[in-house]
>>> print(open('upload.csv').read())   # CSV, C-alpha atoms
chain,number,residue,atom,x,y,z
A,1,MET,CA,43.3,-57.8,-5.2
A,2,THR,CA,43.1,-60.9,-7.3
A,3,LEU,CA,46.3,-61.6,-9.2
A,4,GLU,CA,46.5,-63.3,-12.5
A,5,CYS,CA,49.3,-65.9,-13.0
A,6,LYS,CA,51.3,-63.7,-15.3
A,7,HIS,CA,51.5,-61.0,-12.6
A,8,VAL,CA,52.8,-63.6,-10.1
A,9,TRP,CA,55.5,-64.7,-12.7
A,10,GLU,CA,56.6,-61.1,-13.1
A,11,HIS,CA,57.4,-60.8,-9.4
A,12,ILE,CA,58.6,-64.4,-8.8
A,13,SER,CA,62.3,-63.4,-8.5
A,14,GLU,CA,61.6,-60.6,-6.1
A,15,TYR,CA,59.2,-62.7,-4.1
A,16,ILE,CA,61.9,-65.4,-3.7
A,17,ASP,CA,64.3,-62.7,-2.5
A,18,GLY,CA,61.7,-61.4,-0.1
A,19,SER,CA,61.8,-57.9,-1.6
A,20,VAL,CA,58.1,-57.4,-2.6
A,21,ASP,CA,56.0,-55.1,-0.4
A,22,ALA,CA,53.7,-56.6,2.2
A,23,GLN,CA,50.5,-56.1,0.2
A,24,LEU,CA,51.9,-57.7,-2.9
A,25,ARG,CA,53.3,-60.6,-0.9
A,26,GLU,CA,49.9,-61.2,0.6
A,27,ASP,CA,48.3,-61.1,-2.8
A,28,ILE,CA,50.9,-63.6,-4.2
A,29,GLU,CA,50.5,-65.9,-1.3
A,30,ARG,CA,46.7,-65.9,-1.7
A,31,HIS,CA,47.1,-66.8,-5.3
A,32,LEU,CA,49.6,-69.5,-4.6
A,33,GLU,CA,47.1,-71.2,-2.2
A,34,HIS,CA,44.9,-72.1,-5.0
A,35,CYS,CA,47.1,-72.1,-8.1
A,36,GLU,CA,49.1,-75.3,-8.5
A,37,ILE,CA,50.9,-74.1,-11.7
A,38,CYS,CA,52.3,-71.0,-10.0
A,39,SER,CA,53.2,-73.0,-6.9
A,40,ALA,CA,55.1,-75.5,-9.0
A,41,ILE,CA,56.9,-72.7,-10.9
A,42,LEU,CA,57.9,-71.1,-7.6
A,43,ASP,CA,59.1,-74.5,-6.2
A,44,SER,CA,61.1,-75.3,-9.3
A,45,THR,CA,62.7,-71.9,-9.4
A,46,ARG,CA,63.6,-72.1,-5.8
A,47,ASN,CA,65.0,-75.6,-6.1
A,48,ILE,CA,67.2,-74.5,-9.0
A,49,LEU,CA,68.6,-71.7,-6.8
A,50,ILE,CA,69.3,-74.2,-3.9
A,51,LEU,CA,71.1,-76.5,-6.4
A,52,THR,CA,73.0,-73.5,-7.8
A,53,ALA,CA,74.3,-72.5,-4.3
A,54,ASP,CA,75.4,-76.0,-3.5
A,55,ASP,CA,79.2,-76.2,-3.8
A,56,ARG,CA,79.0,-79.5,-5.6
A,57,THR,CA,77.3,-78.1,-8.6
A,58,PHE,CA,80.0,-75.6,-9.6
A,59,GLU,CA,83.3,-77.2,-8.7
A,60,LEU,CA,86.7,-75.6,-8.8
A,61,PRO,CA,89.5,-77.2,-10.9
A,62,VAL,CA,91.4,-79.8,-8.9
A,63,GLY,CA,94.4,-78.3,-7.3
A,64,TYR,CA,93.2,-74.7,-7.8
A,65,SER,CA,93.7,-73.7,-4.2
A,66,LYS,CA,97.1,-75.2,-3.8
A,67,ARG,CA,98.4,-73.5,-7.0
A,68,LEU,CA,96.9,-70.2,-5.9
A,69,HIS,CA,98.6,-70.2,-2.6
A,70,GLU,CA,101.9,-71.3,-4.1
A,71,ARG,CA,101.7,-68.3,-6.5
A,72,LEU,CA,100.8,-66.0,-3.6
A,73,LYS,CA,103.7,-67.3,-1.5
A,74,GLU,CA,106.1,-66.4,-4.3
A,75,GLU,CA,104.6,-63.0,-4.5
A,76,ILE,CA,104.8,-62.4,-0.8
A,77,GLU,CA,108.5,-63.5,-0.8
A,78,LYS,CA,109.2,-61.2,-3.7
A,79,SER,CA,107.5,-58.2,-2.0
A,80,ARG,CA,109.7,-58.8,1.1
A,81,GLN,CA,112.9,-58.4,-0.9
A,82,GLY,CA,114.2,-55.1,-2.2
A,83,PRO,CA,114.1,-51.7,-0.7
A,84,SER,CA,110.7,-50.8,-2.2
A,85,GLY,CA,109.1,-53.9,-0.9
A,86,GLY,CA,109.1,-55.3,-4.4
A,87,ARG,CA,106.1,-53.4,-5.6
B,1,MET,CA,64.5,-63.5,14.3
B,2,THR,CA,65.1,-67.2,14.9
B,3,SER,CA,68.0,-68.3,17.1
B,4,LYS,CA,69.6,-69.8,14.0
B,5,GLY,CA,69.3,-66.4,12.2
B,6,ALA,CA,70.7,-64.6,15.2
B,7,ALA,CA,73.6,-67.0,15.3
B,8,ALA,CA,74.3,-66.4,11.6
B,9,VAL,CA,74.3,-62.6,12.1
B,10,PHE,CA,76.6,-63.0,15.1
B,11,GLU,CA,78.9,-65.1,13.1
B,12,MET,CA,78.9,-62.6,10.3
B,13,ARG,CA,79.8,-59.7,12.6
B,14,ASN,CA,82.5,-61.8,14.2
B,15,LYS,CA,83.9,-62.7,10.8
B,16,SER,CA,83.9,-59.1,9.7
B,17,THR,CA,85.7,-58.0,12.9
B,18,GLU,CA,88.3,-60.8,12.5
B,19,GLU,CA,88.8,-59.7,8.9
B,20,THR,CA,89.3,-56.0,9.8
B,21,GLU,CA,91.9,-57.1,12.4
B,22,LEU,CA,93.6,-59.3,9.8
B,23,ILE,CA,93.8,-56.5,7.3
B,24,ALA,CA,95.2,-54.1,9.9
B,25,ARG,CA,97.9,-56.6,10.8
B,26,LEU,CA,98.7,-57.2,7.2
B,27,ILE,CA,99.1,-53.6,6.4
B,28,ALA,CA,101.3,-53.3,9.4
B,29,GLY,CA,103.6,-55.9,7.9
B,30,ALA,CA,102.4,-59.4,8.6
B,31,LYS,CA,102.2,-60.2,4.9
B,32,GLN,CA,101.8,-63.9,5.2
B,33,LEU,CA,98.4,-63.4,6.7
B,34,PHE,CA,97.1,-62.7,3.2
B,35,HIS,CA,96.8,-66.4,2.7
B,36,GLU,CA,94.4,-66.5,5.6
B,37,LEU,CA,92.5,-63.5,4.5
B,38,ILE,CA,91.9,-64.8,1.0
B,39,ARG,CA,91.0,-68.4,1.8
B,40,PRO,CA,87.3,-67.9,2.4
B,41,TYR,CA,87.0,-66.1,-1.0
B,42,GLU,CA,89.0,-68.3,-3.3
B,43,ARG,CA,85.9,-69.9,-4.7
B,44,MET,CA,84.2,-66.6,-5.2
B,45,VAL,CA,87.1,-65.1,-7.1
B,46,TYR,CA,87.3,-68.1,-9.4
B,47,LEU,CA,83.6,-68.2,-10.2
B,48,THR,CA,83.5,-64.5,-10.8
B,49,VAL,CA,86.3,-64.6,-13.4
B,50,PHE,CA,84.8,-67.8,-14.9
B,51,ALA,CA,81.4,-66.2,-15.4
B,52,ILE,CA,83.1,-63.6,-17.6
B,53,VAL,CA,85.8,-65.6,-19.5
B,54,LYS,CA,83.9,-69.0,-19.6
B,55,ASN,CA,87.1,-71.0,-19.8
B,56,GLU,CA,88.6,-73.0,-16.9
B,57,ALA,CA,92.3,-72.4,-17.6
B,58,GLU,CA,91.7,-68.7,-18.3
B,59,ALA,CA,89.6,-68.4,-15.2
B,60,GLU,CA,92.2,-69.9,-13.0
B,61,ASP,CA,95.0,-67.7,-14.4
B,62,GLY,CA,92.6,-64.7,-14.0
B,63,ALA,CA,91.7,-65.7,-10.4
B,64,GLN,CA,95.4,-65.9,-9.5
B,65,GLU,CA,96.1,-62.5,-11.1
B,66,ALA,CA,93.1,-61.0,-9.2
B,67,VAL,CA,94.4,-62.3,-5.9
B,68,ILE,CA,97.9,-61.0,-6.6
B,69,ASN,CA,96.5,-57.6,-7.5
B,70,ALA,CA,94.4,-57.6,-4.3
B,71,TYR,CA,97.6,-58.3,-2.4
B,72,ARG,CA,99.6,-55.6,-4.1
B,73,HIS,CA,96.9,-53.0,-3.6
B,74,LEU,CA,95.6,-53.9,-0.2
B,75,GLY,CA,96.9,-50.5,1.0
B,76,SER,CA,94.2,-48.8,-1.1
B,77,PHE,CA,91.4,-50.8,0.4
B,78,ARG,CA,89.1,-48.5,2.4
B,79,ARG,CA,87.9,-49.8,5.7
B,80,GLU,CA,84.4,-48.6,5.2
B,81,ALA,CA,84.1,-50.9,2.2
B,82,LYS,CA,83.4,-54.6,2.3
B,83,PHE,CA,86.4,-56.7,1.5
B,84,SER,CA,84.4,-59.2,-0.4
B,85,THR,CA,82.9,-56.5,-2.7
B,86,TRP,CA,86.3,-54.9,-3.2
B,87,LEU,CA,87.8,-58.2,-4.1
B,88,THR,CA,84.9,-59.1,-6.5
B,89,THR,CA,85.4,-55.8,-8.3
B,90,ILE,CA,89.1,-56.7,-8.8
B,91,ALA,CA,88.1,-60.2,-10.1
B,92,ILE,CA,85.5,-58.6,-12.5
B,93,ASN,CA,88.1,-56.2,-13.9
B,94,GLU,CA,90.6,-59.0,-14.4
B,95,GLY,CA,88.0,-61.1,-16.2
B,96,ARG,CA,86.9,-58.2,-18.4
B,97,LYS,CA,90.6,-57.4,-19.3
B,98,ARG,CA,91.1,-61.0,-20.3
B,99,LEU,CA,87.9,-61.1,-22.3
B,100,ARG,CA,88.8,-57.9,-24.2
B,101,ARG,CA,92.3,-59.3,-24.9
B,102,ALA,CA,90.7,-62.6,-26.2
B,103,LYS,CA,88.2,-60.8,-28.4
B,104,GLY,CA,90.7,-58.3,-29.7
B,105,ALA,CA,90.9,-54.5,-29.1
B,106,ALA,CA,88.3,-53.7,-31.7
B,107,GLU,CA,85.5,-55.1,-29.6
B,108,ASP,CA,85.7,-52.9,-26.6
B,109,SER,CA,82.1,-52.7,-25.6
B,110,ILE,CA,81.5,-55.7,-23.4
B,111,ASP,CA,80.0,-53.4,-20.7
B,112,GLU,CA,77.5,-52.0,-23.1
B,113,GLN,CA,75.4,-55.1,-23.9
B,114,ALA,CA,71.8,-54.1,-24.2
B,115,GLU,CA,69.0,-55.9,-22.6
B,116,GLU,CA,67.1,-58.1,-24.9
B,117,LEU,CA,63.7,-56.5,-25.3
B,118,ASP,CA,62.0,-59.2,-27.3
B,119,GLY,CA,63.0,-62.2,-25.2
B,120,ASP,CA,60.4,-64.5,-23.8
B,121,TYR,CA,60.7,-64.4,-20.0
B,122,THR,CA,57.7,-66.5,-19.2
B,123,PRO,CA,58.5,-69.5,-16.9
B,124,ALA,CA,57.7,-73.0,-18.0
B,125,ALA,CA,54.5,-74.4,-16.5
B,126,LEU,CA,54.8,-77.8,-14.8
B,127,THR,CA,52.5,-79.6,-12.5
B,128,ASP,CA,54.5,-82.5,-11.2
B,129,TRP,CA,57.5,-80.9,-9.6
B,130,ARG,CA,56.4,-81.7,-6.1
B,131,GLU,CA,56.4,-85.3,-7.1
B,132,ILE,CA,60.1,-85.3,-7.9
B,133,PRO,CA,62.0,-86.9,-5.1
B,134,LEU,CA,64.9,-85.1,-3.6
B,135,GLU,CA,67.2,-87.8,-5.0
B,136,ALA,CA,66.5,-86.4,-8.4
B,137,LEU,CA,68.1,-83.1,-7.3
B,138,GLU,CA,71.1,-85.0,-6.0
B,139,ARG,CA,71.7,-86.6,-9.4
B,140,GLY,CA,74.8,-85.7,-11.3
B,141,GLU,CA,72.9,-85.2,-14.6
B,142,LEU,CA,70.8,-82.4,-13.1
B,143,ARG,CA,73.9,-80.6,-11.9
B,144,GLU,CA,75.4,-81.0,-15.4
B,145,ALA,CA,72.2,-79.7,-17.0
B,146,LEU,CA,72.3,-76.7,-14.7
B,147,ARG,CA,76.0,-76.0,-15.4
B,148,ARG,CA,75.2,-76.1,-19.1
B,149,ALA,CA,72.2,-73.9,-18.8
B,150,VAL,CA,74.2,-71.3,-16.7
B,151,ALA,CA,77.0,-71.3,-19.3
B,152,GLY,CA,74.5,-70.8,-22.0
B,153,LEU,CA,72.9,-67.7,-20.5
B,154,PRO,CA,73.6,-64.4,-22.2
B,155,ASP,CA,76.7,-62.8,-20.6
B,156,ILE,CA,75.0,-59.9,-18.9
B,157,TYR,CA,72.5,-62.3,-17.2
B,158,ARG,CA,75.1,-64.9,-16.3
B,159,GLN,CA,77.3,-62.4,-14.5
B,160,VAL,CA,74.5,-61.1,-12.4
B,161,PHE,CA,73.2,-64.6,-11.6
B,162,THR,CA,76.7,-65.8,-10.7
B,163,LEU,CA,77.3,-63.0,-8.2
B,164,ARG,CA,73.8,-63.2,-6.7
B,165,ASP,CA,72.9,-66.8,-6.7
B,166,LEU,CA,76.2,-68.7,-6.8
B,167,GLU,CA,78.2,-66.4,-4.6
B,168,GLU,CA,75.2,-65.2,-2.7
B,169,LEU,CA,76.0,-61.5,-2.7
B,170,SER,CA,73.1,-59.2,-2.0
B,171,ILE,CA,71.4,-57.2,-4.8
B,172,GLU,CA,73.2,-54.0,-3.6
B,173,GLU,CA,76.7,-55.7,-3.5
B,174,THR,CA,76.1,-57.2,-7.0
B,175,ALA,CA,75.1,-53.8,-8.3
B,176,GLU,CA,78.2,-52.2,-6.7
B,177,ALA,CA,80.6,-54.8,-8.0
B,178,LEU,CA,79.2,-54.7,-11.6
B,179,ARG,CA,78.7,-50.9,-11.4
B,180,LEU,CA,75.1,-51.3,-12.3
B,181,ASN,CA,71.9,-49.8,-10.9
B,182,PRO,CA,70.2,-52.2,-8.4
B,183,GLY,CA,67.0,-52.0,-10.6
B,184,VAL,CA,69.0,-53.3,-13.6
B,185,VAL,CA,70.4,-56.1,-11.4
B,186,LYS,CA,66.9,-57.2,-10.4
B,187,VAL,CA,65.7,-57.3,-14.0
B,188,ARG,CA,68.7,-59.3,-15.1
B,189,LEU,CA,68.4,-61.6,-12.2
B,190,HIS,CA,64.7,-62.2,-12.8
B,191,ARG,CA,65.4,-63.0,-16.5
B,192,ALA,CA,68.3,-65.3,-15.7
B,193,ARG,CA,66.3,-67.3,-13.2
B,194,ILE,CA,63.3,-67.6,-15.5
B,195,LEU,CA,65.5,-68.7,-18.5
B,196,LEU,CA,67.1,-71.4,-16.3
B,197,GLN,CA,63.7,-72.5,-15.0
B,198,LYS,CA,62.5,-72.9,-18.6
B,199,GLN,CA,65.5,-74.8,-19.7
B,200,LEU,CA,65.6,-77.2,-16.8
B,201,VAL,CA,61.9,-78.0,-16.6
B,202,PRO,CA,61.9,-80.3,-19.7
B,203,PHE,CA,64.9,-82.1,-18.2
B,204,LEU,CA,63.1,-82.6,-14.9
B,205,LYS,CA,60.0,-83.8,-16.5
B,206,THR,CA,61.8,-86.6,-18.2
B,207,ALA,CA,63.9,-87.2,-15.1
B,208,ALA,CA,60.8,-87.6,-12.9
B,209,PRO,CA,59.7,-91.1,-12.1
B,210,ALA,CA,56.6,-92.3,-13.9
B,211,ARG,CA,55.0,-93.5,-10.7
B,212,LYS,CA,53.3,-90.8,-8.8
B,213,ARG,CA,54.4,-90.2,-5.3
B,214,PHE,CA,53.5,-87.4,-3.0
B,215,PHE,CA,56.0,-85.8,-0.8
B,216,GLY,CA,53.7,-83.4,0.9
B,217,ARG,CA,56.3,-80.7,1.3
B,218,ALA,CA,55.2,-77.3,2.6
B,219,VAL,CA,57.4,-74.5,1.5
>>> encode(input="upload.csv", output="structure tokens")
Amino acid sequence: MTLECKHVWEHISEYIDGSVDAQLREDIERHLEHCEICSAILDSTRNILILTADDRTFELPVGYSKRLHERLKEEIEKSRQGPSGGR
Amino acid sequence: MTSKGAAAVFEMRNKSTEETELIARLIAGAKQLFHELIRPYERMVYLTVFAIVKNEAEAEDGAQEAVINAYRHLGSFRREAKFSTWLTTIAINEGRKRLRRAKGAAEDSIDEQAEELDGDYTPAALTDWREIPLEALERGELREALRRAVAGLPDIYRQVFTLRDLEELSIEETAEALRLNPGVVKVRLHRARILLQKQLVPFLKTAAPARKRFFGRAV
């Protein structure tokens, strides 16, 4: 089946996730072979996802981990005291 | 499966076995092991709360509270569940509780946000992405633009996008954590990705070098 661009766009997210069925995948790939616009849309979306998953893009507050473990340490110590385990 | 893929699966199983052992020892009384158990998930807990409350200080307090809650209630964790999903659910609940508190008790319907039916979810067409060198992706401004774009997404899309694409949970895990149908997760994820693509393309066009270069990359 020949797909139009807008049909490719509708399935672009599932295509990236590899969750389209084999037939649709094949149709999309055939379309991508000759359509530069859809190929560029796919590439740009994929690159955005790569950048999103990169730890440097969404950073944690400085000292977050240290403060978290200090708080947890206090909680663990508290739960060790007292007959009910401090709960 | 590639050998790299096989190694990743092996590592995952190994990790899951180690985690099960850690939890068993913890429940048996080795409480200090909770530090070790939580360490791989610190980032995930923070980002999950942040996706809901959208404020750094509030997200950090919420993340601490979520971790403490997980510690206190570890006894109720069922072994057949995945620890990461269980923990994510606790983080989501903590975030929502804080959001409700911030918005006031009158507005208690944050889970009920409807999908936007009339939004335009068509990606932006571009023809010169392949000519953008990888260095452009490495630049700080692009990361900043992406952070802003994610922060600007409608809440229901940002939450799904955060769990799936930042924290890399599966569709099913995302659905379970947010108590949504997987079909709804897919629709929201698709819209979030398209909205981000649309917002970042103009930025990338201006960021791209004027001189044409071909990087012949096959995806």
>>> closest_residue(input="upload.csv", among="B:Thr88, B:Leu74, B:Glu36, B:Lys97", to="Thr174 in chain B", atoms="all atoms listed in the file")
B:Thr88
>>> closest_atom_pairs(input="upload.csv", of="chain B", to="chain A", cutoff="9 Å", atoms="only C-alpha atoms", output="Markdown table")
| residue | atom | partner | partner_atom | distance |
| --- | --- | --- | --- | --- |
| B:Lys31 | CA | A:Ile76 | CA | 6.6 |
| B:Gln32 | CA | A:Ile76 | CA | 6.9 |
| B:Phe34 | CA | A:Leu72 | CA | 8.4 |
| B:His35 | CA | A:His69 | CA | 6.8 |
| B:Arg39 | CA | A:Ser65 | CA | 8.4 |
| B:Glu42 | CA | A:Ser65 | CA | 7.2 |
| B:Arg43 | CA | A:Leu60 | CA | 7.1 |
| B:Tyr46 | CA | A:Leu60 | CA | 7.5 |
| B:Leu47 | CA | A:Leu60 | CA | 8.1 |
| B:Glu56 | CA | A:Pro61 | CA | 7.4 |
| B:Ala57 | CA | A:Pro61 | CA | 8.7 |
| B:Glu60 | CA | A:Tyr64 | CA | 7.1 |
| B:Ala63 | CA | A:Leu68 | CA | 8.2 |
| B:Gln64 | CA | A:Leu68 | CA | 5.8 |
| B:Val67 | CA | A:Leu72 | CA | 7.7 |
| B:Ile68 | CA | A:Leu72 | CA | 6.5 |
| B:Tyr71 | CA | A:Leu72 | CA | 8.4 |
| B:Arg72 | CA | A:Arg87 | CA | 7.0 |
| B:Tyr121 | CA | A:Glu10 | CA | 8.7 |
| B:Thr122 | CA | A:Trp9 | CA | 7.1 |
| B:Pro123 | CA | A:Ile41 | CA | 7.0 |
| B:Ala124 | CA | A:Ile41 | CA | 7.2 |
| B:Ala125 | CA | A:Ile37 | CA | 6.0 |
| B:Leu126 | CA | A:Ile37 | CA | 6.2 |
| B:Thr127 | CA | A:Ile37 | CA | 5.8 |
| B:Asp128 | CA | A:Ala40 | CA | 7.4 |
| B:Trp129 | CA | A:Ala40 | CA | 5.9 |
| B:Arg130 | CA | A:Ala40 | CA | 7.0 |
| B:Leu137 | CA | A:Leu51 | CA | 7.3 |
| B:Glu138 | CA | A:Leu51 | CA | 8.5 |
| B:Gly140 | CA | A:Thr57 | CA | 8.4 |
| B:Leu142 | CA | A:Leu51 | CA | 8.9 |
| B:Arg143 | CA | A:Thr57 | CA | 5.4 |
| B:Glu144 | CA | A:Thr57 | CA | 7.6 |
| B:Leu146 | CA | A:Thr52 | CA | 7.6 |
| B:Arg147 | CA | A:Phe58 | CA | 7.1 |
| B:Asp165 | CA | A:Ala53 | CA | 6.3 |
| B:Leu166 | CA | A:Ala53 | CA | 4.9 |
| B:Glu167 | CA | A:Ala53 | CA | 7.2 |
| B:Glu168 | CA | A:Ala53 | CA | 7.5 |
| B:Lys186 | CA | A:Glu14 | CA | 7.6 |
| B:Val187 | CA | A:Ser13 | CA | 8.9 |
| B:Leu189 | CA | A:Ser13 | CA | 7.4 |
| B:His190 | CA | A:Ser13 | CA | 5.1 |
| B:Arg191 | CA | A:Ser13 | CA | 8.6 |
| B:Arg193 | CA | A:Thr45 | CA | 7.0 |
| B:Ile194 | CA | A:Thr45 | CA | 7.5 |
| B:Leu196 | CA | A:Ile48 | CA | 7.9 |
| B:Gln197 | CA | A:Thr45 | CA | 5.7 |
| B:Leu200 | CA | A:Ile48 | CA | 8.4 |
| B:Val201 | CA | A:Ser44 | CA | 7.8 |
| B:Val219 | CA | A:Asp43 | CA | 7.9 |
>>> atom_distance(input="upload.csv", atom1="CA of Gln159 in chain B", atom2="CA of His7 in chain A")
25.9 Å
>>> closest_residue(input="upload.csv", among="B:Gly29, B:Ile52, B:Tyr41, B:Ala59", to="Val150 in chain B", atoms="all atoms listed in the file")
B:Ile52
>>> atom_distance(input="upload.csv", atom1="CA of Lys82 in chain B", atom2="CA of Thr20 in chain B")
9.6 Å
>>> residues_around(input="upload.csv", residues="Ser84 in chain B", least_positions_apart="5", cutoff="10 Å", atoms="only C-alpha atoms", output="list in words")
Ile38, Pro40, Tyr41, Met44, Val45, Thr89, Ile90, Leu169, Glu173 and Ala177 of chain B
>>> atom_distance(input="upload.csv", atom1="CA of Leu32 in chain A", atom2="CA of Cys5 in chain A")
9.1 Å
>>> decode(input="upload.csv", residues="range 58-71 of chain A", atoms="N, CA and C atoms", output="PDB file, in the first residue's frame")
ATOM      1  N   PHE A  58      18.437  17.019  31.499  1.00  0.00           N
ATOM      2  CA  PHE A  58      17.616  17.294  32.678  1.00  0.00           C
ATOM      3  C   PHE A  58      18.452  16.960  33.907  1.00  0.00           C
ATOM      4  N   GLU A  59      19.044  17.995  34.472  1.00  0.00           N
ATOM      5  CA  GLU A  59      19.947  17.773  35.604  1.00  0.00           C
ATOM      6  C   GLU A  59      19.217  17.889  36.937  1.00  0.00           C
ATOM      7  N   LEU A  60      19.804  17.242  37.922  1.00  0.00           N
ATOM      8  CA  LEU A  60      19.221  17.304  39.263  1.00  0.00           C
ATOM      9  C   LEU A  60      19.808  18.499  40.014  1.00  0.00           C
ATOM     10  N   PRO A  61      19.115  19.016  41.019  1.00  0.00           N
ATOM     11  CA  PRO A  61      19.690  20.122  41.797  1.00  0.00           C
ATOM     12  C   PRO A  61      21.017  19.679  42.434  1.00  0.00           C
ATOM     13  N   VAL A  62      21.959  20.585  42.507  1.00  0.00           N
ATOM     14  CA  VAL A  62      23.264  20.265  43.097  1.00  0.00           C
ATOM     15  C   VAL A  62      23.054  19.874  44.569  1.00  0.00           C
ATOM     16  N   GLY A  63      23.641  18.746  44.949  1.00  0.00           N
ATOM     17  CA  GLY A  63      23.542  18.310  46.341  1.00  0.00           C
ATOM     18  C   GLY A  63      22.290  17.506  46.656  1.00  0.00           C
ATOM     19  N   TYR A  64      21.457  17.286  45.649  1.00  0.00           N
ATOM     20  CA  TYR A  64      20.185  16.561  45.853  1.00  0.00           C
ATOM     21  C   TYR A  64      20.409  15.185  46.494  1.00  0.00           C
ATOM     22  N   SER A  65      21.325  14.431  45.914  1.00  0.00           N
ATOM     23  CA  SER A  65      21.542  13.063  46.379  1.00  0.00           C
ATOM     24  C   SER A  65      22.030  13.045  47.839  1.00  0.00           C
ATOM     25  N   LYS A  66      22.949  13.944  48.143  1.00  0.00           N
ATOM     26  CA  LYS A  66      23.515  14.010  49.487  1.00  0.00           C
ATOM     27  C   LYS A  66      22.399  14.314  50.512  1.00  0.00           C
ATOM     28  N   ARG A  67      21.591  15.315  50.185  1.00  0.00           N
ATOM     29  CA  ARG A  67      20.514  15.694  51.117  1.00  0.00           C
ATOM     30  C   ARG A  67      19.494  14.560  51.269  1.00  0.00           C
ATOM     31  N   LEU A  68      19.230  13.883  50.170  1.00  0.00           N
ATOM     32  CA  LEU A  68      18.268  12.779  50.210  1.00  0.00           C
ATOM     33  C   LEU A  68      18.752  11.671  51.146  1.00  0.00           C
ATOM     34  N   HIS A  69      20.040  11.321  51.039  1.00  0.00           N
ATOM     35  CA  HIS A  69      20.562  10.232  51.863  1.00  0.00           C
ATOM     36  C   HIS A  69      20.719  10.647  53.327  1.00  0.00           C
ATOM     37  N   GLU A  70      20.955  11.928  53.551  1.00  0.00           N
ATOM     38  CA  GLU A  70      21.006  12.403  54.942  1.00  0.00           C
ATOM     39  C   GLU A  70      19.632  12.260  55.595  1.00  0.00           C
ATOM     40  N   ARG A  71      18.617  12.657  54.845  1.00  0.00           N
ATOM     41  CA  ARG A  71      17.243  12.561  55.367  1.00  0.00           C
ATOM     42  C   ARG A  71      16.874  11.095  55.611  1.00  0.00           C
TER      43      ARG A  71
END
